[in-house]
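Quick look at final_10.cif (mmCIF, C-alpha atoms):
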data_upload
#
loop_
_atom_site.label_atom_id
_atom_site.label_comp_id
_atom_site.auth_asym_id
_atom_site.auth_seq_id
_atom_site.Cartn_x
_atom_site.Cartn_y
_atom_site.Cartn_z
CA LEU I 10 114.12 106.69 126.90
CA ILE I 11 110.80 106.23 128.70
CA THR I 12 109.41 109.37 127.09
CA ALA I 13 110.53 108.25 123.62
CA TYR I 14 108.72 104.93 123.95
CA TYR I 15 105.66 106.64 125.44
CA MET I 16 105.52 108.83 122.33
CA ALA I 17 106.15 105.83 120.07
CA ALA I 18 103.23 103.99 121.70
CA ILE I 19 101.00 106.98 120.92
CA GLY I 20 102.20 106.86 117.31
CA MET I 21 101.45 103.12 117.06
CA ALA I 22 97.98 103.66 118.55
CA ALA I 23 97.33 106.50 116.08
CA VAL I 24 98.38 104.34 113.13
CA SER I 25 96.00 101.62 114.30
CA LEU I 26 93.15 104.11 113.72
CA VAL I 27 94.06 104.58 110.04
CA ASP I 28 91.75 102.80 107.61
CA GLY I 29 93.71 100.25 105.62
CA ILE I 30 96.26 99.47 108.33
CA SER I 31 95.87 95.91 109.54
CA PRO I 32 96.16 94.94 113.20
CA ALA I 33 98.84 92.42 112.17
CA PHE I 34 101.04 95.26 110.83
CA VAL I 35 100.63 97.23 114.06
CA ALA I 36 101.41 94.09 116.12
CA VAL I 37 104.58 93.33 114.14
CA MET I 38 105.79 96.92 114.36
CA SER I 39 105.01 97.06 118.08
CA GLY I 40 106.99 93.87 118.58
CA ALA I 41 109.92 95.37 116.69
CA ALA I 42 109.66 98.49 118.86
CA LEU I 43 109.86 96.30 121.96
CA LEU I 44 112.99 94.64 120.56
CA SER I 45 114.49 98.10 120.07
CA LEU I 46 113.65 98.90 123.70
CA ALA I 47 115.58 95.83 124.82
CA ALA I 48 118.53 96.88 122.64
CA ASN I 49 118.45 100.43 124.03
CA ILE I 50 118.31 99.22 127.63
CA ARG I 51 121.37 97.04 126.97
CA LYS I 52 122.95 100.00 125.13
CA ARG I 53 123.61 97.89 122.05
CA GLU I 54 123.98 99.52 118.67
CA VAL I 55 121.92 97.47 116.24
CA ILE I 56 121.82 99.86 113.28
CA ALA I 57 124.93 101.88 112.49
CA GLY I 58 124.69 105.35 110.95
CA ARG I 59 125.38 104.39 107.33
CA LEU I 60 123.19 101.30 107.55
CA TRP I 61 120.37 103.50 108.93
CA ASN I 62 120.62 105.76 105.88
CA ILE I 63 120.51 102.77 103.51
CA LEU I 64 117.50 101.34 105.35
CA ALA I 65 115.73 104.71 105.24
CA ILE I 66 116.17 104.86 101.46
CA ALA I 67 114.95 101.26 101.12
CA VAL I 68 111.90 102.04 103.27
CA PHE I 69 111.16 105.09 101.10
CA LEU I 70 111.34 102.95 97.96
CA LEU I 71 108.96 100.46 99.60
CA PHE I 72 106.66 103.38 100.43
CA ALA I 73 106.60 104.38 96.77
CA LEU I 74 105.88 100.79 95.77
CA ASP I 75 103.14 100.57 98.38
CA TYR I 76 101.54 103.80 97.19
CA PHE I 77 101.72 103.18 93.45
CA VAL I 78 101.11 99.42 93.35
CA VAL I 79 99.69 97.96 96.58
CA SER I 80 97.42 100.32 98.52
CA LYS I 81 97.14 103.25 96.08
CA ASP I 82 96.16 105.36 99.10
CA ILE I 83 98.57 108.05 100.27
CA VAL I 84 97.41 108.02 103.90
CA THR I 85 97.74 104.24 104.27
CA ALA I 86 101.09 104.11 102.49
CA ALA I 87 102.43 107.09 104.46
CA SER I 88 101.26 105.56 107.72
CA ARG I 89 103.13 102.34 106.97
CA PHE I 90 106.21 104.32 105.89
CA LEU I 91 106.21 106.45 109.03
CA THR I 92 105.71 103.45 111.30
CA VAL I 93 108.61 101.49 109.81
CA LEU I 94 110.76 104.64 109.89
CA LEU I 95 109.87 105.18 113.57
CA VAL I 96 110.83 101.62 114.48
CA LEU I 97 114.15 102.01 112.64
CA LYS I 98 114.78 105.28 114.48
CA LEU I 99 114.01 103.61 117.82
CA PHE I 100 116.89 101.23 117.15
CA GLY I 101 119.25 104.21 116.84
CA LEU I 102 118.38 106.58 119.68
CA LYS I 103 121.68 108.22 120.65
CA THR I 104 121.54 111.98 120.34
CA ASP I 105 118.93 114.61 121.06
CA ARG I 106 118.44 114.91 117.31
CA ASP I 107 117.44 111.23 117.15
CA TYR I 108 114.83 111.79 119.84
CA LEU I 109 113.47 114.89 118.09
CA THR I 110 113.27 112.94 114.83
CA ALA I 111 111.28 110.18 116.56
CA TYR I 112 108.89 112.76 118.06
CA GLY I 113 108.46 114.37 114.64
CA ILE I 114 107.61 111.01 113.09
CA VAL I 115 104.98 110.44 115.79
CA PHE I 116 103.52 113.88 115.01
CA PHE I 117 103.14 112.92 111.35
CA GLN I 118 101.59 109.59 112.35
CA LEU I 119 98.98 111.59 114.26
CA LEU I 120 98.38 113.76 111.19
CA ALA I 121 97.82 110.66 109.08
CA ALA I 122 95.36 109.33 111.64
CA ALA I 123 93.58 112.70 111.74
CA ALA I 124 93.07 112.50 107.98
CA SER I 125 91.65 108.99 108.19
CA THR I 126 89.54 108.67 111.34
CA VAL I 127 86.66 110.26 113.19
CA SER I 128 87.15 108.09 116.27
CA PRO I 129 86.93 109.88 119.64
CA VAL I 130 89.99 107.85 120.65
CA PHE I 131 92.00 110.18 118.41
CA PHE I 132 91.22 113.13 120.70
CA LEU I 133 92.61 111.17 123.66
CA LEU I 134 95.75 110.31 121.68
CA LEU I 135 96.15 113.97 120.72
CA VAL I 136 95.92 115.06 124.35
CA LEU I 137 98.44 112.39 125.38
CA PHE I 138 100.75 113.50 122.56
CA ILE I 139 100.58 117.15 123.61
CA MET I 140 101.29 116.20 127.22
CA GLY I 141 104.16 113.89 126.22
CA GLY I 142 105.55 116.46 123.79
CA ILE I 143 105.65 119.19 126.42
CA PHE I 144 107.23 116.76 128.88
CA ALA I 145 109.82 115.52 126.36
CA LEU I 146 110.83 118.99 125.20
CA THR I 147 111.11 120.19 128.79
CA LEU I 148 113.38 117.25 129.64
CA MET I 149 115.52 117.93 126.57
CA ASN I 150 115.82 121.58 127.52
CA LEU I 151 116.86 120.67 131.08
CA LYS I 152 119.45 118.25 129.72
CA LYS I 153 120.80 120.89 127.34
CA ASP I 154 121.03 123.50 130.10
CA LEU I 155 122.86 121.09 132.40
CA SER I 156 125.37 120.23 129.67
CA GLU I 157 125.95 123.95 128.96
CA TRP I 158 126.65 124.59 132.65
CA GLY I 159 129.62 122.27 132.29
CA ARG I 160 128.39 119.42 134.42
CA ALA I 161 130.44 116.27 134.00
CA THR I 162 127.29 114.20 133.70
CA VAL I 163 124.23 115.20 131.78
CA ASP I 164 121.85 113.29 134.04
CA ILE I 165 119.08 115.39 135.52
CA PRO I 166 119.59 115.74 139.29
CA PRO I 167 117.16 113.77 141.47
CA GLY I 168 114.16 115.62 142.85
CA ILE I 169 113.57 117.82 139.80
CA ILE I 170 111.50 115.29 137.89
CA GLY I 171 108.71 113.85 140.00
CA LEU I 172 105.01 114.01 140.68
CA PRO I 173 104.87 117.84 141.04
CA PHE I 174 106.68 118.21 137.70
CA PHE I 175 104.33 115.76 136.01
CA LEU I 176 101.25 117.48 137.49
CA THR I 177 102.52 120.85 136.28
CA ILE I 178 102.97 119.48 132.76
CA THR I 179 99.46 118.01 132.93
CA ALA I 180 98.03 121.36 134.06
CA VAL I 181 99.81 123.18 131.21
CA THR I 182 98.42 120.63 128.74
CA VAL I 183 94.87 120.98 130.01
CA ALA I 184 95.11 124.78 129.96
CA SER I 185 96.46 124.69 126.38
CA ILE I 186 93.64 122.46 125.19
CA VAL I 187 90.95 124.53 126.96
CA MET I 188 92.32 127.74 125.44
CA THR I 189 92.48 126.12 122.01
CA PHE I 190 88.86 125.00 122.19
CA ALA I 191 87.78 128.39 123.48
CA LEU I 192 89.53 130.20 120.63
CA PHE I 193 88.19 127.72 118.10
CA PHE I 194 84.57 128.31 119.12
CA ILE I 195 84.83 132.03 119.95
CA LEU I 196 86.66 133.31 116.87
CA PRO I 197 84.42 133.57 113.83
CA ARG I 198 85.26 131.33 110.92
CA MET I 199 84.20 132.14 107.41
CA GLY I 200 84.68 130.70 104.03
CA ALA I 201 85.84 133.04 101.32
CA GLY I 202 86.97 132.39 97.80
CA PHE I 203 88.60 129.02 97.35
CA PHE I 204 87.95 128.04 101.02
CA GLU I 205 84.19 128.72 100.95
#

Go ahead and render the structure in this file as structure tokens.
Amino acid sequence: LITAYYMAAIGMAAVSLVDGISPAFVAVMSGAALLSLAANIRKREVIAGRLWNILAIAVFLLFALDYFVVSKDIVTAASRFLTVLLVLKLFGLKTDRDYLTAYGIVFFQLLAAAASTVSPVFFLLLVLFIMGGIFALTLMNLKKDLSEWGRATVDIPPGIIGLPFFLTITAVTVASIVMTFALFFILPRMGAGFFE
């Protein structure tokens, strides 16, 4: 749950970098995300499965209205759509699939921000997303392995997740980013044909 809200915070921060997204929208959506956190801590189901599907369709229709009538900008409209969809998904975190869906939405929020901003803050958000993504997927894999071993509970045993684990994830993230930059600057890039 902590990892999901960490990733959602990165998504909200990324959306705040998109031109055309007002701080009031980000504040309202962040407040709704905090309400979903309270509901998840109390283990209350706010949005049932069928209601979630109806809301998702309604949000998509609002996205179309936003794009064609209000903003007329695909990045701004998509950012609003993804943010509302993320908040709705946060109200219904039950299965691993729900968590993966939330992480995927955050990824697309980062893509929308990448298309709209040149802020150096985006690079920090990208690094935090990579680190959180590696951490989240590792936790999900551990949980899956424990459930396959037939454990009665799917809770991760104490002592596995701690400072050494977090530092290892951080080291893997830094190494990935350094290798990516090295490959980006070492490999020749050329424009040919349509991509010239």

Q: Excluding stretch 101-116 of chain I and residues on its chain fewer than 6 positions from it, collect all residues at most 7 Å away from it, counting all atoms listed in the file, and give them as a list in words.
A: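 Near neighbours after the sequence-gap exclusion: Ala13, Met16, Ala17, Gly20, Glu54, Ile56, Leu91 and Leu95 of chain I.
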
(Q) Under the rule that only C-alpha atoms are counted, which of I:Ala36, I:Leu94, I:Ala47, I:Gly168 is the nearest residue to I:Ile63? (A)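 The answer is I:Leu94, which sits nearest to I:Ile63.
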
Q: Give me the result of the PyMOL selection byres ((chain I and resi 178) around 12) on this file, residue by residue, as a list of chain:residue names.
A: I:Val136, I:Leu137, I:Ile139, I:Met140, I:Gly141, I:Gly142, I:Ile143, I:Phe144, I:Ala145, I:Leu146, I:Thr147, I:Leu148, I:Ile170, I:Gly171, I:Leu172, I:Pro173, I:Phe174, I:Phe175, I:Leu176, I:Thr177, I:Thr179, I:Ala180, I:Val181, I:Thr182, I:Val183, I:Ala184, I:Ser185

How would you write as a PDB file with C-alpha atoms, in the coordinates of the input the residues that get within 7 Å of (112.4, 102.5, 105.5) in the file's frame, counting only C-alpha atoms?
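Result file follows (out-v2.pdb):
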ATOM      1  CA  LEU I  64     117.500 101.340 105.350  1.00  0.00           C
ATOM      2  CA  ALA I  65     115.730 104.710 105.240  1.00  0.00           C
ATOM      3  CA  ILE I  66     116.170 104.860 101.460  1.00  0.00           C
ATOM      4  CA  ALA I  67     114.950 101.260 101.120  1.00  0.00           C
ATOM      5  CA  VAL I  68     111.900 102.040 103.270  1.00  0.00           C
ATOM      6  CA  PHE I  69     111.160 105.090 101.100  1.00  0.00           C
ATOM      7  CA  PHE I  90     106.210 104.320 105.890  1.00  0.00           C
ATOM      8  CA  VAL I  93     108.610 101.490 109.810  1.00  0.00           C
ATOM      9  CA  LEU I  94     110.760 104.640 109.890  1.00  0.00           C
TER      10      LEU I  94
END

Q) Nearest to I:Leu120 among I:Leu71, I:Ala18, I:Leu44, I:Val27, with distances taken over only C-alpha atoms: which residue is it? A)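 With only C-alpha atoms as the atom set, the closest residue is I:Val27.
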
Q: Counting all atoms listed in the file, note down every residue that has an atom within 7 Å of the point (93.4, 96.4, 115.8) (file coordinates), as a list in words.
A: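 Checked against the point, the hits come out as Ser25, Ser31 and Pro32 of chain I.
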
How about completing stretch 104-132 of chain I with N, CA and C atoms and giving it to me as an mmCIF file, keeping the file's coordinate frame?
data_model
loop_
_atom_site.group_PDB
_atom_site.id
_atom_site.type_symbol
_atom_site.label_atom_id
_atom_site.label_comp_id
_atom_site.auth_asym_id
_atom_site.auth_seq_id
_atom_site.Cartn_x
_atom_site.Cartn_y
_atom_site.Cartn_z
ATOM 1 N N THR I 104 121.417 110.545 120.102
ATOM 2 C CA THR I 104 121.540 111.980 120.340
ATOM 3 C C THR I 104 120.162 112.615 120.511
ATOM 4 N N ASP I 105 120.181 113.868 120.939
ATOM 5 C CA ASP I 105 118.930 114.610 121.060
ATOM 6 C C ASP I 105 118.230 114.728 119.709
ATOM 7 N N ARG I 106 119.012 114.818 118.652
ATOM 8 C CA ARG I 106 118.440 114.910 117.310
ATOM 9 C C ARG I 106 117.650 113.636 116.959
ATOM 10 N N ASP I 107 118.154 112.481 117.388
ATOM 11 C CA ASP I 107 117.440 111.230 117.150
ATOM 12 C C ASP I 107 116.090 111.233 117.864
ATOM 13 N N TYR I 108 116.084 111.726 119.090
ATOM 14 C CA TYR I 108 114.830 111.790 119.840
ATOM 15 C C TYR I 108 113.853 112.765 119.184
ATOM 16 N N LEU I 109 114.352 113.920 118.760
ATOM 17 C CA LEU I 109 113.470 114.890 118.090
ATOM 18 C C LEU I 109 112.921 114.328 116.789
ATOM 19 N N THR I 110 113.734 113.573 116.067
ATOM 20 C CA THR I 110 113.270 112.940 114.830
ATOM 21 C C THR I 110 112.147 111.959 115.137
ATOM 22 N N ALA I 111 112.324 111.145 116.176
ATOM 23 C CA ALA I 111 111.280 110.180 116.560
ATOM 24 C C ALA I 111 109.988 110.910 116.937
ATOM 25 N N TYR I 112 110.096 112.010 117.684
ATOM 26 C CA TYR I 112 108.890 112.760 118.060
ATOM 27 C C TYR I 112 108.219 113.370 116.835
ATOM 28 N N GLY I 113 109.022 113.831 115.880
ATOM 29 C CA GLY I 113 108.460 114.370 114.640
ATOM 30 C C GLY I 113 107.720 113.309 113.840
ATOM 31 N N ILE I 114 108.275 112.107 113.794
ATOM 32 C CA ILE I 114 107.610 111.010 113.090
ATOM 33 C C ILE I 114 106.270 110.700 113.743
ATOM 34 N N VAL I 115 106.245 110.691 115.074
ATOM 35 C CA VAL I 115 104.980 110.440 115.790
ATOM 36 C C VAL I 115 103.962 111.529 115.468
ATOM 37 N N PHE I 116 104.419 112.778 115.373
ATOM 38 C CA PHE I 116 103.520 113.880 115.010
ATOM 39 C C PHE I 116 102.877 113.622 113.641
ATOM 40 N N PHE I 117 103.681 113.190 112.678
ATOM 41 C CA PHE I 117 103.140 112.920 111.350
ATOM 42 C C PHE I 117 102.249 111.685 111.332
ATOM 43 N N GLN I 118 102.505 110.720 112.216
ATOM 44 C CA GLN I 118 101.590 109.590 112.350
ATOM 45 C C GLN I 118 100.225 110.072 112.847
ATOM 46 N N LEU I 119 100.238 111.013 113.780
ATOM 47 C CA LEU I 119 98.980 111.590 114.260
ATOM 48 C C LEU I 119 98.257 112.348 113.147
ATOM 49 N N LEU I 120 99.009 113.057 112.316
ATOM 50 C CA LEU I 120 98.380 113.760 111.190
ATOM 51 C C LEU I 120 97.731 112.780 110.228
ATOM 52 N N ALA I 121 98.402 111.675 109.962
ATOM 53 C CA ALA I 121 97.820 110.660 109.080
ATOM 54 C C ALA I 121 96.549 110.087 109.676
ATOM 55 N N ALA I 122 96.560 109.845 110.974
ATOM 56 C CA ALA I 122 95.360 109.330 111.640
ATOM 57 C C ALA I 122 94.241 110.372 111.600
ATOM 58 N N ALA I 123 94.593 111.645 111.764
ATOM 59 C CA ALA I 123 93.580 112.700 111.740
ATOM 60 C C ALA I 123 92.895 112.777 110.380
ATOM 61 N N ALA I 124 93.644 112.458 109.327
ATOM 62 C CA ALA I 124 93.070 112.500 107.980
ATOM 63 C C ALA I 124 92.222 111.274 107.675
ATOM 64 N N SER I 125 92.296 110.260 108.517
ATOM 65 C CA SER I 125 91.650 108.990 108.190
ATOM 66 C C SER I 125 90.559 108.560 109.164
ATOM 67 N N THR I 126 90.465 109.181 110.327
ATOM 68 C CA THR I 126 89.540 108.670 111.340
ATOM 69 C C THR I 126 88.666 109.771 111.920
ATOM 70 N N VAL I 127 87.528 109.363 112.425
ATOM 71 C CA VAL I 127 86.660 110.260 113.190
ATOM 72 C C VAL I 127 86.435 109.676 114.584
ATOM 73 N N SER I 128 87.271 108.755 114.969
ATOM 74 C CA SER I 128 87.150 108.090 116.270
ATOM 75 C C SER I 128 87.439 109.069 117.406
ATOM 76 N N PRO I 129 86.634 109.027 118.480
ATOM 77 C CA PRO I 129 86.930 109.880 119.640
ATOM 78 C C PRO I 129 88.215 109.483 120.340
ATOM 79 N N VAL I 130 88.715 108.285 120.063
ATOM 80 C CA VAL I 130 89.990 107.850 120.650
ATOM 81 C C VAL I 130 91.119 108.758 120.153
ATOM 82 N N PHE I 131 90.969 109.293 118.942
ATOM 83 C CA PHE I 131 92.000 110.180 118.410
ATOM 84 C C PHE I 131 92.192 111.400 119.299
ATOM 85 N N PHE I 132 91.095 111.957 119.823
ATOM 86 C CA PHE I 132 91.220 113.130 120.700
ATOM 87 C C PHE I 132 92.051 112.775 121.934
#
